[in-house]
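Q: Supplied structure: data.txt, compact mmCIF, C-alpha atoms.
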```txt
# COMPACT_ATOMS: atom_id res chain seq x y z
CA MET A 1 207.31 59.04 152.01
CA PRO A 2 210.48 57.51 153.43
CA GLN A 3 210.77 60.04 156.20
CA GLY A 4 210.07 57.75 159.16
CA GLN A 5 212.72 57.74 161.83
CA VAL A 6 214.16 54.37 162.59
CA SER A 7 214.34 53.99 166.35
CA ALA A 8 216.75 51.07 166.46
CA VAL A 9 219.01 49.11 164.15
CA PRO A 10 217.89 45.49 164.20
CA GLN A 11 220.43 42.77 164.95
CA ASP A 12 219.32 40.64 162.02
CA GLY A 13 222.58 40.51 160.09
CA LEU A 14 220.94 42.19 157.07
CA THR A 15 222.28 45.19 155.19
CA THR A 16 220.09 48.28 154.84
CA ARG A 17 219.54 47.35 151.22
CA GLN A 18 218.44 43.85 152.13
CA ARG A 19 216.16 45.26 154.78
CA ARG A 20 214.66 47.65 152.24
CA ASN A 21 213.78 44.75 149.96
CA ARG A 22 212.53 42.44 152.67
CA PRO A 23 209.08 41.15 151.81
CA LEU A 24 206.39 42.45 154.14
CA LEU A 25 203.41 40.72 155.63
CA VAL A 26 200.73 43.35 156.15
CA VAL A 27 197.45 42.67 157.98
CA HIS A 28 194.50 45.07 157.75
CA THR A 29 192.10 44.08 160.49
CA GLY A 30 189.49 45.59 162.82
CA ALA A 31 185.72 45.93 162.81
CA MET A 32 185.43 48.77 160.31
CA LYS A 33 184.88 48.73 156.59
CA GLY A 34 187.79 50.15 154.64
CA LYS A 35 190.22 47.31 155.24
CA SER A 36 190.04 46.01 151.67
CA THR A 37 190.01 49.52 150.25
CA ALA A 38 193.24 50.27 152.10
CA ALA A 39 194.79 46.99 150.92
CA PHE A 40 193.91 47.68 147.29
CA GLY A 41 195.29 51.20 147.64
CA MET A 42 198.57 49.66 148.76
CA ALA A 43 198.50 47.28 145.78
CA LEU A 44 198.23 50.31 143.47
CA ARG A 45 201.70 51.33 144.57
CA GLY A 46 203.02 47.88 143.74
CA TRP A 47 201.39 48.03 140.31
CA ASN A 48 203.24 51.28 139.66
CA GLN A 49 206.52 49.51 140.51
CA GLY A 50 205.81 47.06 137.71
CA TRP A 51 205.16 44.27 140.17
CA SER A 52 202.90 41.32 139.47
CA ILE A 53 199.71 41.71 141.52
CA GLY A 54 197.66 38.68 142.55
CA VAL A 55 194.34 39.36 144.27
CA PHE A 56 192.52 36.46 145.92
CA GLN A 57 189.12 37.31 147.32
CA PHE A 58 187.97 34.81 149.91
CA VAL A 59 184.44 34.28 151.10
CA LYS A 60 182.52 36.94 149.21
CA SER A 61 180.13 35.89 146.46
CA ALA A 62 181.46 35.86 142.90
CA LYS A 63 178.52 38.10 142.02
CA TRP A 64 179.79 40.65 144.47
CA LYS A 65 182.03 43.12 142.69
CA VAL A 66 183.89 45.95 144.33
CA GLY A 67 184.84 48.91 142.16
CA GLU A 68 188.50 48.09 142.70
CA GLU A 69 188.09 44.90 140.68
CA GLU A 70 187.26 46.72 137.45
CA ALA A 71 189.94 49.32 138.09
CA PHE A 72 192.62 46.68 138.62
CA ARG A 73 191.45 44.68 135.61
CA ALA A 74 191.80 47.90 133.58
CA LEU A 75 195.31 48.42 134.97
CA GLY A 76 196.15 44.83 134.04
CA ARG A 77 195.09 45.58 130.47
CA VAL A 78 197.19 48.78 130.49
CA HIS A 79 200.18 46.63 131.41
CA ALA A 80 199.41 44.04 128.73
CA GLU A 81 199.02 46.70 126.05
CA THR A 82 201.70 49.23 126.95
CA GLY A 83 204.05 47.53 129.41
CA GLU A 84 203.30 50.23 131.99
CA GLY A 85 202.85 49.05 135.57
CA GLY A 86 202.60 45.38 136.42
CA PRO A 87 200.39 42.45 135.45
CA VAL A 88 197.23 41.87 137.48
CA GLU A 89 195.32 38.70 138.27
CA TRP A 90 192.07 38.88 140.22
CA HIS A 91 190.52 35.69 141.53
CA LYS A 92 187.27 35.18 143.43
CA MET A 93 186.84 31.86 145.10
CA GLY A 94 183.42 30.81 143.89
CA SER A 95 179.88 32.00 144.16
CA GLY A 96 179.32 29.65 147.11
CA TRP A 97 181.59 31.82 149.21
CA SER A 98 180.02 34.24 151.61
CA TRP A 99 180.97 35.47 155.02
CA THR A 100 177.37 35.06 156.10
CA ARG A 101 177.99 31.26 155.96
CA LYS A 102 174.73 30.27 154.35
CA ALA A 103 173.24 27.11 155.82
CA GLY A 104 173.94 23.86 154.01
CA THR A 105 176.97 25.00 152.05
CA GLU A 106 179.55 25.22 154.81
CA SER A 107 181.49 22.15 153.76
CA ASP A 108 181.79 23.45 150.18
CA HIS A 109 183.00 26.80 151.46
CA ALA A 110 185.64 25.02 153.52
CA ALA A 111 186.82 23.00 150.54
CA ASP A 112 186.85 26.07 148.30
CA ALA A 113 188.82 28.04 150.87
CA LEU A 114 191.38 25.28 151.23
CA GLU A 115 191.68 24.98 147.47
CA GLY A 116 192.26 28.73 147.25
CA TRP A 117 194.98 28.61 149.88
CA ARG A 118 196.69 25.63 148.19
CA GLU A 119 196.86 27.64 144.96
CA ILE A 120 198.29 30.65 146.79
CA ARG A 121 200.82 28.40 148.50
CA ARG A 122 201.91 26.99 145.14
CA ARG A 123 202.31 30.48 143.75
CA ILE A 124 204.31 31.69 146.74
CA GLU A 125 206.61 28.68 146.51
CA ASN A 126 207.04 29.38 142.79
CA ARG A 127 207.43 33.13 143.34
CA VAL A 128 204.65 33.99 140.88
CA HIS A 129 203.62 37.41 142.23
CA GLU A 130 205.27 40.29 144.03
CA VAL A 131 202.09 41.46 145.75
CA TYR A 132 199.47 39.04 147.06
CA VAL A 133 196.23 40.51 148.37
CA LEU A 134 194.40 37.83 150.35
CA ASP A 135 191.12 39.67 150.81
CA GLU A 136 188.92 38.45 153.68
CA PHE A 137 191.40 35.66 154.35
CA THR A 138 191.08 35.93 158.13
CA TYR A 139 187.69 34.18 158.06
CA PRO A 140 188.75 30.77 156.67
CA LEU A 141 191.55 30.87 159.24
CA LYS A 142 189.13 31.76 162.03
CA TRP A 143 186.71 29.02 161.05
CA GLY A 144 189.49 26.44 160.86
CA TRP A 145 189.05 25.82 157.14
CA VAL A 146 192.70 26.69 156.57
CA ASP A 147 195.37 25.92 159.17
CA VAL A 148 196.92 29.14 160.44
CA HIS A 149 200.15 27.36 161.40
CA GLU A 150 200.61 26.15 157.84
CA VAL A 151 199.95 29.66 156.56
CA VAL A 152 202.48 31.23 158.91
CA GLU A 153 205.05 28.56 158.03
CA VAL A 154 204.65 29.15 154.30
CA LEU A 155 204.74 32.93 154.71
CA ASN A 156 207.82 32.82 156.94
CA ALA A 157 209.62 30.59 154.44
CA ARG A 158 208.73 32.59 151.35
CA GLU A 159 211.64 33.72 149.22
CA GLY A 160 212.35 36.84 147.18
CA ARG A 161 210.26 39.99 147.31
CA GLN A 162 206.76 38.70 147.77
CA HIS A 163 204.66 41.16 149.76
CA VAL A 164 201.52 39.67 151.26
CA ILE A 165 198.55 41.79 152.36
CA ILE A 166 195.79 40.07 154.33
CA THR A 167 192.46 41.67 155.23
CA GLY A 168 189.55 40.74 157.48
CA ARG A 169 188.25 40.98 161.02
CA ASP A 170 189.53 38.97 163.94
CA ALA A 171 192.99 38.21 162.61
CA ALA A 172 194.45 35.18 164.41
CA PRO A 173 197.14 35.96 167.03
CA GLU A 174 199.60 33.77 165.10
CA LEU A 175 199.06 35.94 162.02
CA ILE A 176 199.49 39.18 164.00
CA GLU A 177 202.68 37.76 165.49
CA ALA A 178 204.05 36.90 162.03
CA ALA A 179 203.08 40.24 160.48
CA ASP A 180 205.46 43.13 159.92
CA LEU A 181 202.72 45.71 159.76
CA VAL A 182 199.26 45.50 161.30
CA MET A 183 196.76 48.25 160.60
CA GLU A 184 193.37 48.83 162.10
CA THR A 185 190.95 51.42 160.78
CA THR A 186 188.72 53.01 163.38
CA LYS A 187 185.43 54.71 162.75
CA ILE A 188 185.13 58.02 164.47
CA LYS A 189 181.88 58.94 162.76
CA HIS A 190 179.87 57.01 160.18
CA PRO A 191 176.81 58.04 158.15
CA MET A 192 174.96 54.82 159.00
CA ASP A 193 174.86 56.09 162.55
CA ALA A 194 172.60 58.84 161.23
CA GLY A 195 170.43 56.54 159.12
CA GLN A 196 172.43 57.07 155.94
CA LYS A 197 172.07 54.25 153.40
CA GLY A 198 175.05 52.55 151.75
CA GLN A 199 175.96 54.22 148.47
CA ARG A 200 177.37 52.94 145.22
CA GLY A 201 180.85 54.25 144.57
CA ILE A 202 181.39 54.50 148.31
CA GLU A 203 180.41 51.20 149.89
CA TRP A 204 181.04 49.06 146.81
CA MET B 1 178.74 45.87 150.63
CA PRO B 2 175.40 47.45 151.42
CA GLN B 3 174.76 45.21 154.38
CA GLY B 4 175.00 47.77 157.16
CA GLN B 5 171.99 48.01 159.36
CA VAL B 6 170.46 51.42 159.61
CA SER B 7 169.78 52.11 163.26
CA ALA B 8 167.39 55.02 162.80
CA VAL B 9 165.51 56.79 160.03
CA PRO B 10 166.64 60.40 159.96
CA GLN B 11 164.07 63.18 160.13
CA ASP B 12 165.59 65.04 157.20
CA GLY B 13 162.63 64.98 154.83
CA LEU B 14 164.64 63.09 152.21
CA THR B 15 163.57 59.92 150.42
CA THR B 16 165.74 56.82 150.66
CA ARG B 17 166.83 57.42 147.08
CA GLN B 18 167.82 60.99 147.84
CA ARG B 19 169.68 59.82 150.89
CA ARG B 20 171.53 57.21 148.80
CA ASN B 21 172.76 59.89 146.45
CA ARG B 22 173.64 62.42 149.08
CA PRO B 23 177.19 63.64 148.61
CA LEU B 24 179.52 62.55 151.39
CA LEU B 25 182.29 64.41 153.12
CA VAL B 26 184.86 61.84 154.23
CA VAL B 27 187.86 62.69 156.42
CA HIS B 28 190.79 60.30 156.81
CA THR B 29 192.80 61.52 159.75
CA GLY B 30 195.05 60.22 162.54
CA ALA B 31 198.78 59.90 163.09
CA MET B 32 199.40 56.84 160.91
CA LYS B 33 200.47 56.56 157.33
CA GLY B 34 197.84 54.96 155.10
CA LYS B 35 195.37 57.86 155.11
CA SER B 36 196.03 58.83 151.51
CA THR B 37 196.23 55.22 150.42
CA ALA B 38 192.77 54.61 151.86
CA ALA B 39 191.42 57.76 150.20
CA PHE B 40 192.78 56.75 146.80
CA GLY B 41 191.34 53.27 147.27
CA MET B 42 187.95 54.90 147.79
CA ALA B 43 188.43 57.01 144.66
CA LEU B 44 189.00 53.79 142.67
CA ARG B 45 185.39 52.86 143.38
CA GLY B 46 184.23 56.21 142.09
CA TRP B 47 186.31 55.77 138.93
CA ASN B 48 184.54 52.46 138.32
CA GLN B 49 181.19 54.29 138.56
CA GLY B 50 182.29 56.49 135.66
CA TRP B 51 182.63 59.49 137.93
CA SER B 52 184.99 62.37 137.30
CA ILE B 53 187.87 62.18 139.79
CA GLY B 54 189.79 65.28 140.81
CA VAL B 55 192.85 64.80 143.03
CA PHE B 56 194.45 67.84 144.64
CA GLN B 57 197.61 67.11 146.56
CA PHE B 58 198.42 69.82 149.05
CA VAL B 59 201.76 70.49 150.68
CA LYS B 60 203.90 67.66 149.29
CA SER B 61 206.65 68.46 146.81
CA ALA B 62 205.80 68.15 143.12
CA LYS B 63 208.82 65.89 142.86
CA TRP B 64 207.20 63.56 145.33
CA LYS B 65 205.20 60.93 143.48
CA VAL B 66 203.12 58.26 145.09
CA GLY B 67 202.44 55.12 143.08
CA GLU B 68 198.76 55.97 143.04
CA GLU B 69 199.46 58.97 140.82
CA GLU B 70 200.72 56.87 137.91
CA ALA B 71 197.94 54.33 138.41
CA PHE B 72 195.24 57.01 138.32
CA ARG B 73 196.83 58.73 135.34
CA ALA B 74 196.74 55.34 133.57
CA LEU B 75 193.06 54.92 134.52
CA GLY B 76 192.36 58.41 133.17
CA ARG B 77 193.92 57.36 129.86
CA VAL B 78 191.82 54.17 129.88
CA HIS B 79 188.75 56.36 130.18
CA ALA B 80 189.88 58.71 127.41
CA GLU B 81 190.61 55.83 125.05
CA THR B 82 187.81 53.38 125.81
CA GLY B 83 185.17 55.25 127.77
CA GLU B 84 185.54 52.81 130.65
CA GLY B 85 185.49 54.30 134.15
CA GLY B 86 185.66 58.05 134.67
CA PRO B 87 188.02 60.88 133.77
CA VAL B 88 190.87 61.67 136.15
CA GLU B 89 192.68 64.91 136.92
CA TRP B 90 195.64 64.91 139.31
CA HIS B 91 197.02 68.22 140.53
CA LYS B 92 199.97 68.92 142.79
CA MET B 93 200.22 72.36 144.23
CA GLY B 94 203.78 73.31 143.43
CA SER B 95 207.27 72.16 144.21
CA GLY B 96 207.44 74.70 147.02
CA TRP B 97 204.89 72.70 148.95
CA SER B 98 206.09 70.49 151.74
CA TRP B 99 204.68 69.57 155.08
CA THR B 100 208.11 70.07 156.57
CA ARG B 101 207.58 73.84 156.01
CA LYS B 102 211.04 74.68 154.76
CA ALA B 103 212.38 77.96 156.12
CA GLY B 104 211.97 81.04 153.97
CA THR B 105 209.17 79.79 151.75
CA GLU B 106 206.27 79.83 154.16
CA SER B 107 204.49 82.77 152.61
CA ASP B 108 204.64 81.16 149.17
CA HIS B 109 203.23 77.94 150.56
CA ALA B 110 200.36 79.87 152.09
CA ALA B 111 199.62 81.64 148.81
CA ASP B 112 199.85 78.39 146.87
CA ALA B 113 197.53 76.63 149.31
CA LEU B 114 194.98 79.41 149.07
CA GLU B 115 195.20 79.39 145.28
CA GLY B 116 194.61 75.65 145.33
CA TRP B 117 191.57 75.98 147.54
CA ARG B 118 190.14 78.79 145.39
CA GLU B 119 190.36 76.51 142.35
CA ILE B 120 188.67 73.67 144.22
CA ARG B 121 185.96 76.06 145.37
CA ARG B 122 185.34 77.17 141.77
CA ARG B 123 185.11 73.55 140.66
CA ILE B 124 182.70 72.60 143.44
CA GLU B 125 180.50 75.58 142.63
CA ASN B 126 180.55 74.55 138.96
CA ARG B 127 180.05 70.85 139.78
CA VAL B 128 183.13 69.79 137.81
CA HIS B 129 183.94 66.50 139.58
CA GLU B 130 182.04 63.80 141.38
CA VAL B 131 184.94 62.80 143.61
CA TYR B 132 187.39 65.32 145.05
CA VAL B 133 190.41 64.00 146.91
CA LEU B 134 191.97 66.84 148.87
CA ASP B 135 195.12 65.06 149.94
CA GLU B 136 196.93 66.54 152.95
CA PHE B 137 194.42 69.37 153.04
CA THR B 138 194.22 69.42 156.83
CA TYR B 139 197.60 71.14 157.06
CA PRO B 140 196.80 74.43 155.27
CA LEU B 141 193.68 74.55 157.45
CA LYS B 142 195.69 73.90 160.59
CA TRP B 143 198.23 76.56 159.72
CA GLY B 144 195.54 79.10 158.93
CA TRP B 145 196.48 79.40 155.26
CA VAL B 146 192.95 78.49 154.28
CA ASP B 147 189.95 79.49 156.41
CA VAL B 148 188.23 76.39 157.74
CA HIS B 149 184.91 78.24 158.09
CA GLU B 150 184.94 79.14 154.41
CA VAL B 151 185.73 75.52 153.54
CA VAL B 152 182.89 74.15 155.66
CA GLU B 153 180.51 76.73 154.21
CA VAL B 154 181.39 75.82 150.62
CA LEU B 155 181.20 72.09 151.35
CA ASN B 156 177.84 72.38 153.12
CA ALA B 157 176.42 74.39 150.22
CA ARG B 158 177.68 72.10 147.46
CA GLU B 159 175.09 70.78 145.06
CA GLY B 160 174.65 67.49 143.23
CA ARG B 161 176.63 64.38 143.93
CA GLN B 162 180.07 65.72 144.74
CA HIS B 163 181.84 63.45 147.19
CA VAL B 164 184.78 65.07 148.96
CA ILE B 165 187.54 63.07 150.65
CA ILE B 166 190.03 64.96 152.80
CA THR B 167 193.18 63.47 154.29
CA GLY B 168 195.77 64.60 156.81
CA ARG B 169 196.58 64.66 160.50
CA ASP B 170 194.94 66.91 163.05
CA ALA B 171 191.69 67.57 161.21
CA ALA B 172 190.04 70.73 162.53
CA PRO B 173 187.01 70.17 164.81
CA GLU B 174 184.87 72.18 162.38
CA LEU B 175 185.79 69.75 159.61
CA ILE B 176 185.06 66.69 161.77
CA GLU B 177 181.73 68.23 162.69
CA ALA B 178 180.83 68.79 159.02
CA ALA B 179 181.97 65.32 157.92
CA ASP B 180 179.66 62.39 157.28
CA LEU B 181 182.38 59.81 157.73
CA VAL B 182 185.59 60.17 159.70
CA MET B 183 188.13 57.37 159.59
CA GLU B 184 191.28 56.95 161.58
CA THR B 185 193.83 54.25 160.86
CA THR B 186 195.65 52.93 163.89
CA LYS B 187 198.98 51.21 163.87
CA ILE B 188 199.06 48.04 165.90
CA LYS B 189 202.50 47.00 164.71
CA HIS B 190 204.84 48.74 162.28
CA PRO B 191 208.14 47.56 160.78
CA MET B 192 209.87 50.85 161.58
CA ASP B 193 209.47 49.87 165.24
CA ALA B 194 211.89 47.05 164.46
CA GLY B 195 214.31 49.22 162.47
CA GLN B 196 212.75 48.38 159.11
CA LYS B 197 213.47 50.97 156.41
CA GLY B 198 210.78 52.49 154.21
CA GLN B 199 210.33 50.50 151.00
CA ARG B 200 209.40 51.45 147.47
CA GLY B 201 206.03 50.06 146.47
CA ILE B 202 204.99 50.16 150.12
CA GLU B 203 205.75 53.60 151.53
CA TRP B 204 205.57 55.45 148.21
```
Rewrite the structure of this file - the entire thing - as structure tokens.
A:
Amino acid sequence: MPQGQVSAVPQDGLTTRQRRNRPLLVVHTGAMKGKSTAAFGMALRGWNQGWSIGVFQFVKSAKWKVGEEEAFRALGRVHAETGEGGPVEWHKMGSGWSWTRKAGTESDHAADALEGWREIRRRIENRVHEVYVLDEFTYPLKWGWVDVHEVVEVLNAREGRQHVIITGRDAAPELIEAADLVMETTKIKHPMDAGQKGQRGIEW
Amino acid sequence: MPQGQVSAVPQDGLTTRQRRNRPLLVVHTGAMKGKSTAAFGMALRGWNQGWSIGVFQFVKSAKWKVGEEEAFRALGRVHAETGEGGPVEWHKMGSGWSWTRKAGTESDHAADALEGWREIRRRIENRVHEVYVLDEFTYPLKWGWVDVHEVVEVLNAREGRQHVIITGRDAAPELIEAADLVMETTKIKHPMDAGQKGQRGIEW
């Protein structure tokens, strides 16, 4: 709802219209679950605008499927069949990827992560999507597999309306600095505190 | 991802399986935007499980449409046509509803809110949905239009697997107490701090 009060007019030489269409860099970080869920919720709004959605899931196993994946694939088919909403691409960066960093495969993970970033960079430079969700992308940055300075440089130089949403714990200070919007979800109360098991439809 | 460590086994007499299927009451609260977005993201996972999704938007104008509404309506049509995912109902409680509480219409808002809650109560008692999103439902509770004790009583007595997700600021202590999971999203950095205007596809 566009009801937020603007506290100051920025001295950036942009018109209000230009500022409205400025691409945003959004970072969902913090220790809690829910970061990716919030990012995908935001991407739903972009889909409804008819924007091209590109999801790039870093680190997690290709066998690991969140419910959002099927929902977005269905929305992509809705677009292909009826023209409603926007096109959707959903990429997972290989079954070797895992944030538990299994022993013996670290170098492959690093190469896969870098390959993923190179593809995203190409797409940004070619203005392929209007929403990029880089899910769990903070980890390859944290582990030095992808250079955060290169990422910030590419993001700062991106043209057109290309919103980028990055999720994951421990976001690098350089990324926070470059971001327009940084969100952190805090647990006040969680069922696992009371011995509750993870549930399908809720945790995945 | 079901990787959370359970710190204690509860003395509730339930089996692990029963505990896995226990219906959850989730409250997304706090001062930041993003509460509803996170709740709808969670509902996406339920849709993928084939669950019946019922969204009840309290307070906001019927003219007000978030991007999630169209996306969920599209997913509901996908289900109707292909059987994939679950059915979706999306209800908005009248154009008179607004959290700005426009002068002169307060009594109608209160009646509308109560009517909305009565319908939700009937559905819960008849086990109509598996996921209920009560968007902005904290406000009618806060303003005394709907009795929080009645709500907690109905929620505590609900049968089967009926997950309930409630969003809004200033959640009543009774609701927090009854909840299994309470999430609060915190702004670390927001573009409106720098004079950024709200943007389509992002704020709505």
Q: Rounded to one decimal place, report the atom CA of Gly67 of chain B-atom CA of Leu44 of chain A distance in Å.
A: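 Straight-line distance from atom CA of Gly67 of chain B to atom CA of Leu44 of chain A works out to 6.4 Å.
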Q: I'd like the interatomic distance between atom CA of Thr29 of chain A and atom CA of Ile53 of chain B, to a tenth of an Å.
A: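 For atom CA of Thr29 of chain A relative to atom CA of Ile53 of chain B, the distance reads 27.8 Å.
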Q: If I take atom CA of Trp145 of chain A and atom CA of Ala113 of chain A, how far is one from the other in Å, to one decimal?
A: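 Computing the Euclidean distance for atom CA of Trp145 of chain A and atom CA of Ala113 of chain A yields 6.7 Å.
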Q: Mind checking which residues fall within 12 Å of segment 84-86 of chain B, counting only C-alpha atoms, ignoring those fewer than 4 positions away in the same chain, and posting them as a ChimeraX atom specification?
A: /A:67-75,77,201 /B:43-54,72-80,129-131
Q: Which one of A:Phe137, A:Trp143, A:Trp90, A:Tyr132 sits closest to Lys35 of chain A if you count only C-alpha atoms?
A: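 Nearest to Lys35 of chain A: A:Phe137.
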Q: Between A:Ala172, A:Leu181, A:Glu81, A:Arg200, which is the closest to chain B once you count all atoms listed in the file?
A: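 Once distances to chain B are computed over all atoms listed in the file, the minimum belongs to A:Leu181.
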Q: Kindly indicate which residue among A:Leu25, A:Val55, A:Ala38, A:Ala31 lies nearest to chain B, using all atoms listed in the file for the distances.
A: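 Looking only at the distances to chain B, the closest residue turns out to be A:Ala38.
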